[in-house]
file final-v7.pdb (PDB, C-alpha atoms)
ATOM      1  CA  MET J   1      -6.070   0.615 -18.493  1.00  0.00           C
ATOM      2  CA  SER J   2      -7.306   3.486 -16.370  1.00  0.00           C
ATOM      3  CA  ALA J   3      -7.078   3.344 -12.606  1.00  0.00           C
ATOM      4  CA  LEU J   4      -8.680   5.065  -9.644  1.00  0.00           C
ATOM      5  CA  VAL J   5      -5.935   6.483  -7.399  1.00  0.00           C
ATOM      6  CA  THR J   6      -6.418   7.420  -3.734  1.00  0.00           C
ATOM      7  CA  VAL J   7      -3.652   8.915  -1.592  1.00  0.00           C
ATOM      8  CA  SER J   8      -3.182   9.599   2.095  1.00  0.00           C
ATOM      9  CA  PRO J   9      -2.621  13.167   3.320  1.00  0.00           C
ATOM     10  CA  GLY J  10       1.123  12.570   3.684  1.00  0.00           C
ATOM     11  CA  TRP J  11       1.613  11.218   0.166  1.00  0.00           C
ATOM     12  CA  PRO J  12       2.291  14.448  -1.789  1.00  0.00           C
ATOM     13  CA  ASP J  13       5.144  15.730   0.405  1.00  0.00           C
ATOM     14  CA  ALA J  14       6.853  12.433   1.256  1.00  0.00           C
ATOM     15  CA  ARG J  15      10.360  11.688   0.015  1.00  0.00           C
ATOM     16  CA  PRO J  16      10.643   7.975   0.791  1.00  0.00           C
ATOM     17  CA  ALA J  17      13.787   5.886   0.745  1.00  0.00           C
ATOM     18  CA  LEU J  18      11.738   2.660   0.812  1.00  0.00           C
ATOM     19  CA  SER J  19       8.557   1.790  -1.084  1.00  0.00           C
ATOM     20  CA  VAL J  20       6.476  -1.072   0.311  1.00  0.00           C
ATOM     21  CA  LEU J  21       4.546  -2.520  -2.633  1.00  0.00           C
ATOM     22  CA  THR J  22       1.496  -4.681  -2.033  1.00  0.00           C
ATOM     23  CA  PRO J  23      -0.633  -6.134  -4.824  1.00  0.00           C
ATOM     24  CA  PHE J  24      -3.896  -7.825  -3.968  1.00  0.00           C
ATOM     25  CA  LEU J  25      -6.847  -9.500  -5.646  1.00  0.00           C
ATOM     26  CA  ARG J  26      -9.922 -10.247  -3.517  1.00  0.00           C
ATOM     27  CA  ASP J  27      -7.852  -9.985  -0.321  1.00  0.00           C
ATOM     28  CA  ASP J  28      -8.260  -7.314   2.323  1.00  0.00           C
ATOM     29  CA  PRO J  29      -4.921  -5.677   3.244  1.00  0.00           C
ATOM     30  CA  SER J  30      -6.473  -3.459   5.943  1.00  0.00           C
ATOM     31  CA  GLU J  31      -4.924  -5.330   8.895  1.00  0.00           C
ATOM     32  CA  LEU J  32      -1.458  -5.064   7.331  1.00  0.00           C
ATOM     33  CA  LEU J  33      -2.039  -1.331   6.823  1.00  0.00           C
ATOM     34  CA  VAL J  34      -3.029  -0.837  10.462  1.00  0.00           C
ATOM     35  CA  LEU J  35       0.104  -2.622  11.663  1.00  0.00           C
ATOM     36  CA  LEU J  36       2.437  -0.707   9.339  1.00  0.00           C
ATOM     37  CA  ASP J  37       0.811   2.653  10.127  1.00  0.00           C
ATOM     38  CA  GLN J  38       1.693   2.166  13.799  1.00  0.00           C
ATOM     39  CA  GLU J  39       5.304   2.877  12.774  1.00  0.00           C
ATOM     40  CA  ALA J  40       4.477   6.154  10.994  1.00  0.00           C
ATOM     41  CA  GLU J  41       5.871   8.550  13.578  1.00  0.00           C
ATOM     42  CA  ALA J  42       9.211   6.744  13.844  1.00  0.00           C
ATOM     43  CA  LEU J  43       9.556   6.526  10.042  1.00  0.00           C
ATOM     44  CA  LYS J  44       8.978  10.262   9.430  1.00  0.00           C
ATOM     45  CA  GLY J  45       8.052   9.898   5.753  1.00  0.00           C
ATOM     46  CA  ARG J  46      11.033   7.697   4.840  1.00  0.00           C
ATOM     47  CA  VAL J  47       8.705   4.818   3.911  1.00  0.00           C
ATOM     48  CA  GLU J  48       5.695   4.829   1.610  1.00  0.00           C
ATOM     49  CA  ILE J  49       3.130   2.146   0.833  1.00  0.00           C
ATOM     50  CA  VAL J  50       1.736   1.565  -2.646  1.00  0.00           C
ATOM     51  CA  LEU J  51      -1.231  -0.809  -2.903  1.00  0.00           C
ATOM     52  CA  LEU J  52      -2.620  -2.256  -6.106  1.00  0.00           C
ATOM     53  CA  ASP J  53      -6.132  -3.689  -6.213  1.00  0.00           C
ATOM     54  CA  ASP J  54      -5.769  -5.765  -9.362  1.00  0.00           C
ATOM     55  CA  GLY J  55      -9.426  -5.896 -10.350  1.00  0.00           C
ATOM     56  CA  THR J  56     -11.128  -7.151  -7.197  1.00  0.00           C
ATOM     57  CA  ALA J  57     -14.331  -5.297  -8.217  1.00  0.00           C
ATOM     58  CA  ASP J  58     -15.634  -5.288  -4.624  1.00  0.00           C
ATOM     59  CA  ALA J  59     -17.207  -1.870  -4.049  1.00  0.00           C
ATOM     60  CA  ALA J  60     -17.466  -2.361  -0.282  1.00  0.00           C
ATOM     61  CA  LEU J  61     -13.793  -3.315   0.056  1.00  0.00           C
ATOM     62  CA  THR J  62     -12.751  -0.409  -2.166  1.00  0.00           C
ATOM     63  CA  ALA J  63     -14.792   2.034  -0.060  1.00  0.00           C
ATOM     64  CA  ARG J  64     -13.320   0.715   3.224  1.00  0.00           C
ATOM     65  CA  LEU J  65      -9.754   0.870   1.915  1.00  0.00           C
ATOM     66  CA  THR J  66     -10.271   4.335   0.434  1.00  0.00           C
ATOM     67  CA  ASP J  67     -11.466   5.624   3.820  1.00  0.00           C
ATOM     68  CA  GLN J  68      -8.602   3.869   5.607  1.00  0.00           C
ATOM     69  CA  VAL J  69      -5.952   5.288   3.266  1.00  0.00           C
ATOM     70  CA  LYS J  70      -7.320   8.817   3.714  1.00  0.00           C
ATOM     71  CA  ASP J  71      -6.883   8.440   7.502  1.00  0.00           C
ATOM     72  CA  MET J  72      -3.364   6.977   7.480  1.00  0.00           C
ATOM     73  CA  ARG J  73      -0.305   8.782   8.793  1.00  0.00           C
ATOM     74  CA  LEU J  74       2.096   6.949   6.471  1.00  0.00           C
ATOM     75  CA  PRO J  75       2.286   8.116   2.864  1.00  0.00           C
ATOM     76  CA  VAL J  76       0.033   5.654   1.025  1.00  0.00           C
ATOM     77  CA  GLN J  77      -1.235   5.359  -2.525  1.00  0.00           C
ATOM     78  CA  LEU J  78      -4.048   2.955  -3.426  1.00  0.00           C
ATOM     79  CA  ILE J  79      -4.375   2.108  -7.112  1.00  0.00           C
ATOM     80  CA  THR J  80      -7.692   0.428  -7.941  1.00  0.00           C
ATOM     81  CA  LEU J  81      -8.098  -1.299 -11.305  1.00  0.00           C
ATOM     82  CA  ALA J  82     -11.489  -2.187 -12.778  1.00  0.00           C
ATOM     83  CA  ALA J  83     -10.174  -5.410 -14.341  1.00  0.00           C
ATOM     84  CA  ASN J  84      -7.379  -7.817 -13.511  1.00  0.00           C
ATOM     85  CA  GLU J  85      -4.094  -7.170 -15.321  1.00  0.00           C
ATOM     86  CA  GLY J  86      -2.209 -10.144 -13.890  1.00  0.00           C
ATOM     87  CA  ARG J  87       0.733 -10.551 -11.523  1.00  0.00           C
ATOM     88  CA  SER J  88       3.578  -9.388 -13.751  1.00  0.00           C
ATOM     89  CA  ILE J  89       1.842  -6.286 -15.051  1.00  0.00           C
ATOM     90  CA  GLY J  90       0.622  -5.505 -11.540  1.00  0.00           C
ATOM     91  CA  ARG J  91       4.104  -5.734 -10.050  1.00  0.00           C
ATOM     92  CA  ASN J  92       5.488  -3.558 -12.849  1.00  0.00           C
ATOM     93  CA  ARG J  93       2.715  -1.023 -12.241  1.00  0.00           C
ATOM     94  CA  LEU J  94       3.623  -0.947  -8.531  1.00  0.00           C
ATOM     95  CA  ALA J  95       7.332  -0.499  -9.289  1.00  0.00           C
ATOM     96  CA  THR J  96       6.513   2.382 -11.640  1.00  0.00           C
ATOM     97  CA  ALA J  97       4.389   4.107  -8.970  1.00  0.00           C
ATOM     98  CA  ALA J  98       7.111   3.701  -6.314  1.00  0.00           C
ATOM     99  CA  ARG J  99       9.242   6.715  -5.423  1.00  0.00           C
ATOM    100  CA  GLY J 100      11.701   5.035  -3.052  1.00  0.00           C
ATOM    101  CA  ALA J 101      15.166   3.882  -4.090  1.00  0.00           C
ATOM    102  CA  SER J 102      14.488   0.470  -2.516  1.00  0.00           C
ATOM    103  CA  LEU J 103      11.431  -1.701  -3.125  1.00  0.00           C
ATOM    104  CA  LEU J 104       9.896  -4.221  -0.727  1.00  0.00           C
ATOM    105  CA  PHE J 105       7.085  -6.417  -2.056  1.00  0.00           C
ATOM    106  CA  LEU J 106       4.725  -7.703   0.653  1.00  0.00           C
ATOM    107  CA  ASP J 107       1.733  -9.989   0.281  1.00  0.00           C
ATOM    108  CA  SER J 108      -1.504  -8.411   1.458  1.00  0.00           C
ATOM    109  CA  ASP J 109      -2.099 -11.140   4.053  1.00  0.00           C
ATOM    110  CA  MET J 110       1.354 -10.783   5.616  1.00  0.00           C
ATOM    111  CA  LYS J 111       1.700  -9.741   9.252  1.00  0.00           C
ATOM    112  CA  PRO J 112       4.887  -8.055  10.532  1.00  0.00           C
ATOM    113  CA  ASP J 113       6.744 -10.184  13.080  1.00  0.00           C
ATOM    114  CA  HIS J 114       7.495  -7.233  15.398  1.00  0.00           C
ATOM    115  CA  ASP J 115       6.412  -3.631  15.934  1.00  0.00           C
ATOM    116  CA  ARG J 116       9.521  -2.120  14.300  1.00  0.00           C
ATOM    117  CA  PHE J 117       9.230  -4.100  11.082  1.00  0.00           C
ATOM    118  CA  LEU J 118      10.013  -1.192   8.753  1.00  0.00           C
ATOM    119  CA  GLY J 119      12.159   0.958  11.002  1.00  0.00           C
TER     120      GLY J 119
END
call {"tool": "encode", "arguments": {"input": "final-v7.pdb", "output": "structure tokens"}}
result
Amino acid sequence: MSALVTVSPGWPDARPALSVLTPFLRDDPSELLVLLDQEAEALKGRVEIVLLDDGTADAALTARLTDQVKDMRLPVQLITLAANEGRSIGRNRLATAARGASLLFLDSDMKPDHDRFLG
């Protein structure tokens, strides 16, 4: 299935050690992204975020997230699917897109418990 891919400015040059992988369906991960992006300077490209919209089909949410990703300091890739592929395929798609040696799966509604969650 084809996918629309959006990346942040820091994505192409990043060499992450850790990939944070977040699938979502009809959830809005924007608050999680804001909280994680606050750590960008301390992480210096060692962490990337890969998001998978598994067929939400919400044009307004997609537009908001696309704009947010383009403004993020962390390396971020947003993969938007037109139709749901399911949890297993989605997680495998995220793992394939990841460039870090270590993978951390986070739910899109998760909130870090402190301001140095990734670092």
call {"tool": "resolve_selection", "arguments": {"input": "final-v7.pdb", "expression": "the PyMOL selection byres ((chain J and resi 50-67) around 6)", "output": "ChimeraX atom specification"}}
result
/J:21-26,49,68-70,76-84
call {"tool": "closest_residue", "arguments": {"input": "final-v7.pdb", "among": "J:Ala3, J:Leu74, J:Leu103, J:Ala97", "to": "Arg46 (chain J)", "atoms": "all atoms listed in the file"}}
result
J:Leu74
call {"tool": "residues_around", "arguments": {"input": "final-v7.pdb", "residues": "Leu43 (chain J)", "least_positions_apart": "5", "cutoff": "10 Å", "atoms": "only C-alpha atoms", "output": "short mmCIF file (atom, residue, chain, number, x, y, z; two decimals) with C-alpha atoms, in the coordinates of the input"}}
result
data_model
loop_
_atom_site.label_atom_id
_atom_site.label_comp_id
_atom_site.auth_asym_id
_atom_site.auth_seq_id
_atom_site.Cartn_x
_atom_site.Cartn_y
_atom_site.Cartn_z
CA PRO J 16 10.64 7.98 0.79
CA ASP J 37 0.81 2.65 10.13
CA GLN J 38 1.69 2.17 13.80
CA GLU J 48 5.70 4.83 1.61
CA LEU J 74 2.10 6.95 6.47
CA ARG J 116 9.52 -2.12 14.30
CA LEU J 118 10.01 -1.19 8.75
CA GLY J 119 12.16 0.96 11.00
#
call {"tool": "closest_residue", "arguments": {"input": "final-v7.pdb", "among": "J:Ser30, J:Thr6, J:Ser19, J:Asn92", "to": "Leu104 (chain J)", "atoms": "all atoms listed in the file"}}
result
J:Ser19
call {"tool": "resolve_selection", "arguments": {"input": "final-v7.pdb", "expression": "the PyMOL selection byres ((chain J and resi 15) around 10)", "output": "PDB file with C-alpha atoms, in the frame of the given file"}}
result
ATOM      1  CA  GLY J  10       1.123  12.570   3.684  1.00  0.00           C
ATOM      2  CA  TRP J  11       1.613  11.218   0.166  1.00  0.00           C
ATOM      3  CA  PRO J  12       2.291  14.448  -1.789  1.00  0.00           C
ATOM      4  CA  ASP J  13       5.144  15.730   0.405  1.00  0.00           C
ATOM      5  CA  ALA J  14       6.853  12.433   1.256  1.00  0.00           C
ATOM      6  CA  PRO J  16      10.643   7.975   0.791  1.00  0.00           C
ATOM      7  CA  ALA J  17      13.787   5.886   0.745  1.00  0.00           C
ATOM      8  CA  LEU J  18      11.738   2.660   0.812  1.00  0.00           C
ATOM      9  CA  LYS J  44       8.978  10.262   9.430  1.00  0.00           C
ATOM     10  CA  GLY J  45       8.052   9.898   5.753  1.00  0.00           C
ATOM     11  CA  ARG J  46      11.033   7.697   4.840  1.00  0.00           C
ATOM     12  CA  VAL J  47       8.705   4.818   3.911  1.00  0.00           C
ATOM     13  CA  GLU J  48       5.695   4.829   1.610  1.00  0.00           C
ATOM     14  CA  PRO J  75       2.286   8.116   2.864  1.00  0.00           C
ATOM     15  CA  ARG J  99       9.242   6.715  -5.423  1.00  0.00           C
ATOM     16  CA  GLY J 100      11.701   5.035  -3.052  1.00  0.00           C
TER      17      GLY J 100
END
call {"tool": "atom_distance", "arguments": {"input": "final-v7.pdb", "atom1": "CA of Val5 (chain J)", "atom2": "CA of Glu39 (chain J)"}}
result
23.4 Å
call {"tool": "atom_distance", "arguments": {"input": "final-v7.pdb", "atom1": "CA of Phe105 (chain J)", "atom2": "CA of Leu33 (chain J)"}}
result
13.7 Å
call {"tool": "residues_around", "arguments": {"input": "final-v7.pdb", "residues": "Lys111 (chain J)", "least_positions_apart": "3", "cutoff": "12 Å", "atoms": "all atoms listed in the file", "output": "ChimeraX atom specification"}}
result
/J:29-36,106-108,114-115,117-118
call {"tool": "closest_residue", "arguments": {"input": "final-v7.pdb", "among": "J:Ser8, J:Ser2, J:Arg87, J:Val20", "to": "Ser102 (chain J)", "atoms": "all atoms listed in the file"}}
result
J:Val20
call {"tool": "axis_aligned_box", "arguments": {"input": "final-v7.pdb", "around": "region 80-98 of chain J", "padding_each_side": "4 Å", "output": "JSON"}}
result
{"center_x": -2.1, "center_y": -3.2, "center_z": -10.8, "size_x": 26.8, "size_y": 22.7, "size_z": 17.0}
call {"tool": "atom_distance", "arguments": {"input": "final-v7.pdb", "atom1": "CA of Ala40 (chain J)", "atom2": "CA of Val7 (chain J)"}}
result
15.2 Å
call {"tool": "decode", "arguments": {"input": "final-v7.pdb", "residues": "region 51-64 of chain J", "atoms": "all heavy atoms", "output": "mmCIF file, in the first residue's frame"}}
result
data_model
loop_
_atom_site.group_PDB
_atom_site.id
_atom_site.type_symbol
_atom_site.label_atom_id
_atom_site.label_comp_id
_atom_site.auth_asym_id
_atom_site.auth_seq_id
_atom_site.Cartn_x
_atom_site.Cartn_y
_atom_site.Cartn_z
ATOM 1 N N LEU J 51 6.326 8.160 13.134
ATOM 2 C CA LEU J 51 4.888 8.060 13.403
ATOM 3 C C LEU J 51 4.210 7.334 12.251
ATOM 4 O O LEU J 51 4.577 7.545 11.093
ATOM 5 C CB LEU J 51 4.267 9.456 13.487
ATOM 6 C CG LEU J 51 4.788 10.391 14.562
ATOM 7 C CD1 LEU J 51 4.389 11.811 14.234
ATOM 8 C CD2 LEU J 51 4.234 9.974 15.905
ATOM 9 N N LEU J 52 3.216 6.540 12.570
ATOM 10 C CA LEU J 52 2.436 5.869 11.542
ATOM 11 C C LEU J 52 0.959 6.142 11.780
ATOM 12 O O LEU J 52 0.396 5.697 12.788
ATOM 13 C CB LEU J 52 2.679 4.364 11.540
ATOM 14 C CG LEU J 52 1.812 3.588 10.543
ATOM 15 C CD1 LEU J 52 2.232 3.894 9.109
ATOM 16 C CD2 LEU J 52 1.877 2.104 10.820
ATOM 17 N N ASP J 53 0.346 6.884 10.867
ATOM 18 C CA ASP J 53 -1.101 7.071 10.869
ATOM 19 C C ASP J 53 -1.669 5.901 10.074
ATOM 20 O O ASP J 53 -1.588 5.867 8.848
ATOM 21 C CB ASP J 53 -1.461 8.403 10.224
ATOM 22 C CG ASP J 53 -2.964 8.620 10.150
ATOM 23 O OD1 ASP J 53 -3.725 7.668 10.387
ATOM 24 O OD2 ASP J 53 -3.367 9.745 9.833
ATOM 25 N N ASP J 54 -2.233 4.948 10.784
ATOM 26 C CA ASP J 54 -2.687 3.703 10.161
ATOM 27 C C ASP J 54 -4.110 3.818 9.624
ATOM 28 O O ASP J 54 -5.012 3.089 10.017
ATOM 29 C CB ASP J 54 -2.579 2.552 11.156
ATOM 30 C CG ASP J 54 -2.660 1.188 10.500
ATOM 31 O OD1 ASP J 54 -2.702 1.116 9.259
ATOM 32 O OD2 ASP J 54 -2.693 0.180 11.231
ATOM 33 N N GLY J 55 -4.313 4.800 8.729
ATOM 34 C CA GLY J 55 -5.590 4.905 8.041
ATOM 35 C C GLY J 55 -6.644 5.720 8.753
ATOM 36 O O GLY J 55 -7.836 5.462 8.577
ATOM 37 N N THR J 56 -6.236 6.720 9.522
ATOM 38 C CA THR J 56 -7.204 7.566 10.216
ATOM 39 C C THR J 56 -8.161 8.252 9.245
ATOM 40 O O THR J 56 -9.339 8.406 9.523
ATOM 41 C CB THR J 56 -6.467 8.630 11.062
ATOM 42 O OG1 THR J 56 -5.720 7.952 12.074
ATOM 43 C CG2 THR J 56 -7.424 9.599 11.707
ATOM 44 N N ALA J 57 -7.652 8.681 8.094
ATOM 45 C CA ALA J 57 -8.455 9.354 7.057
ATOM 46 C C ALA J 57 -9.124 10.622 7.585
ATOM 47 O O ALA J 57 -10.267 10.918 7.258
ATOM 48 C CB ALA J 57 -9.472 8.400 6.445
ATOM 49 N N ASP J 58 -8.397 11.387 8.398
ATOM 50 C CA ASP J 58 -8.869 12.661 8.928
ATOM 51 C C ASP J 58 -7.977 13.745 8.335
ATOM 52 O O ASP J 58 -6.853 13.961 8.796
ATOM 53 C CB ASP J 58 -8.782 12.641 10.453
ATOM 54 C CG ASP J 58 -9.243 13.924 11.115
ATOM 55 O OD1 ASP J 58 -9.235 14.989 10.458
ATOM 56 O OD2 ASP J 58 -9.580 13.861 12.316
ATOM 57 N N ALA J 59 -8.463 14.420 7.302
ATOM 58 C CA ALA J 59 -7.652 15.397 6.577
ATOM 59 C C ALA J 59 -7.174 16.530 7.480
ATOM 60 O O ALA J 59 -6.040 17.001 7.344
ATOM 61 C CB ALA J 59 -8.437 15.954 5.396
ATOM 62 N N ALA J 60 -8.003 16.962 8.408
ATOM 63 C CA ALA J 60 -7.611 18.052 9.306
ATOM 64 C C ALA J 60 -6.479 17.616 10.233
ATOM 65 O O ALA J 60 -5.514 18.358 10.435
ATOM 66 C CB ALA J 60 -8.813 18.532 10.113
ATOM 67 N N LEU J 61 -6.578 16.420 10.791
ATOM 68 C CA LEU J 61 -5.517 15.903 11.654
ATOM 69 C C LEU J 61 -4.233 15.728 10.863
ATOM 70 O O LEU J 61 -3.157 16.114 11.324
ATOM 71 C CB LEU J 61 -5.939 14.576 12.289
ATOM 72 C CG LEU J 61 -4.879 13.868 13.142
ATOM 73 C CD1 LEU J 61 -4.427 14.745 14.300
ATOM 74 C CD2 LEU J 61 -5.413 12.534 13.638
ATOM 75 N N THR J 62 -4.329 15.171 9.664
ATOM 76 C CA THR J 62 -3.145 14.983 8.826
ATOM 77 C C THR J 62 -2.481 16.319 8.527
ATOM 78 O O THR J 62 -1.249 16.443 8.617
ATOM 79 C CB THR J 62 -3.514 14.265 7.514
ATOM 80 O OG1 THR J 62 -4.042 12.976 7.841
ATOM 81 C CG2 THR J 62 -2.310 14.104 6.604
ATOM 82 N N ALA J 63 -3.251 17.335 8.208
ATOM 83 C CA ALA J 63 -2.693 18.659 7.904
ATOM 84 C C ALA J 63 -2.001 19.253 9.126
ATOM 85 O O ALA J 63 -0.894 19.805 9.017
ATOM 86 C CB ALA J 63 -3.795 19.593 7.413
ATOM 87 N N ARG J 64 -2.627 19.142 10.298
ATOM 88 C CA ARG J 64 -2.013 19.674 11.537
ATOM 89 C C ARG J 64 -0.703 18.964 11.849
ATOM 90 O O ARG J 64 0.298 19.593 12.182
ATOM 91 C CB ARG J 64 -2.978 19.527 12.720
ATOM 92 C CG ARG J 64 -4.067 20.550 12.778
ATOM 93 C CD ARG J 64 -4.781 20.579 14.126
ATOM 94 N NE ARG J 64 -5.134 19.285 14.672
ATOM 95 C CZ ARG J 64 -6.261 18.614 14.405
ATOM 96 N NH1 ARG J 64 -7.133 19.111 13.552
ATOM 97 N NH2 ARG J 64 -6.504 17.453 14.976
#
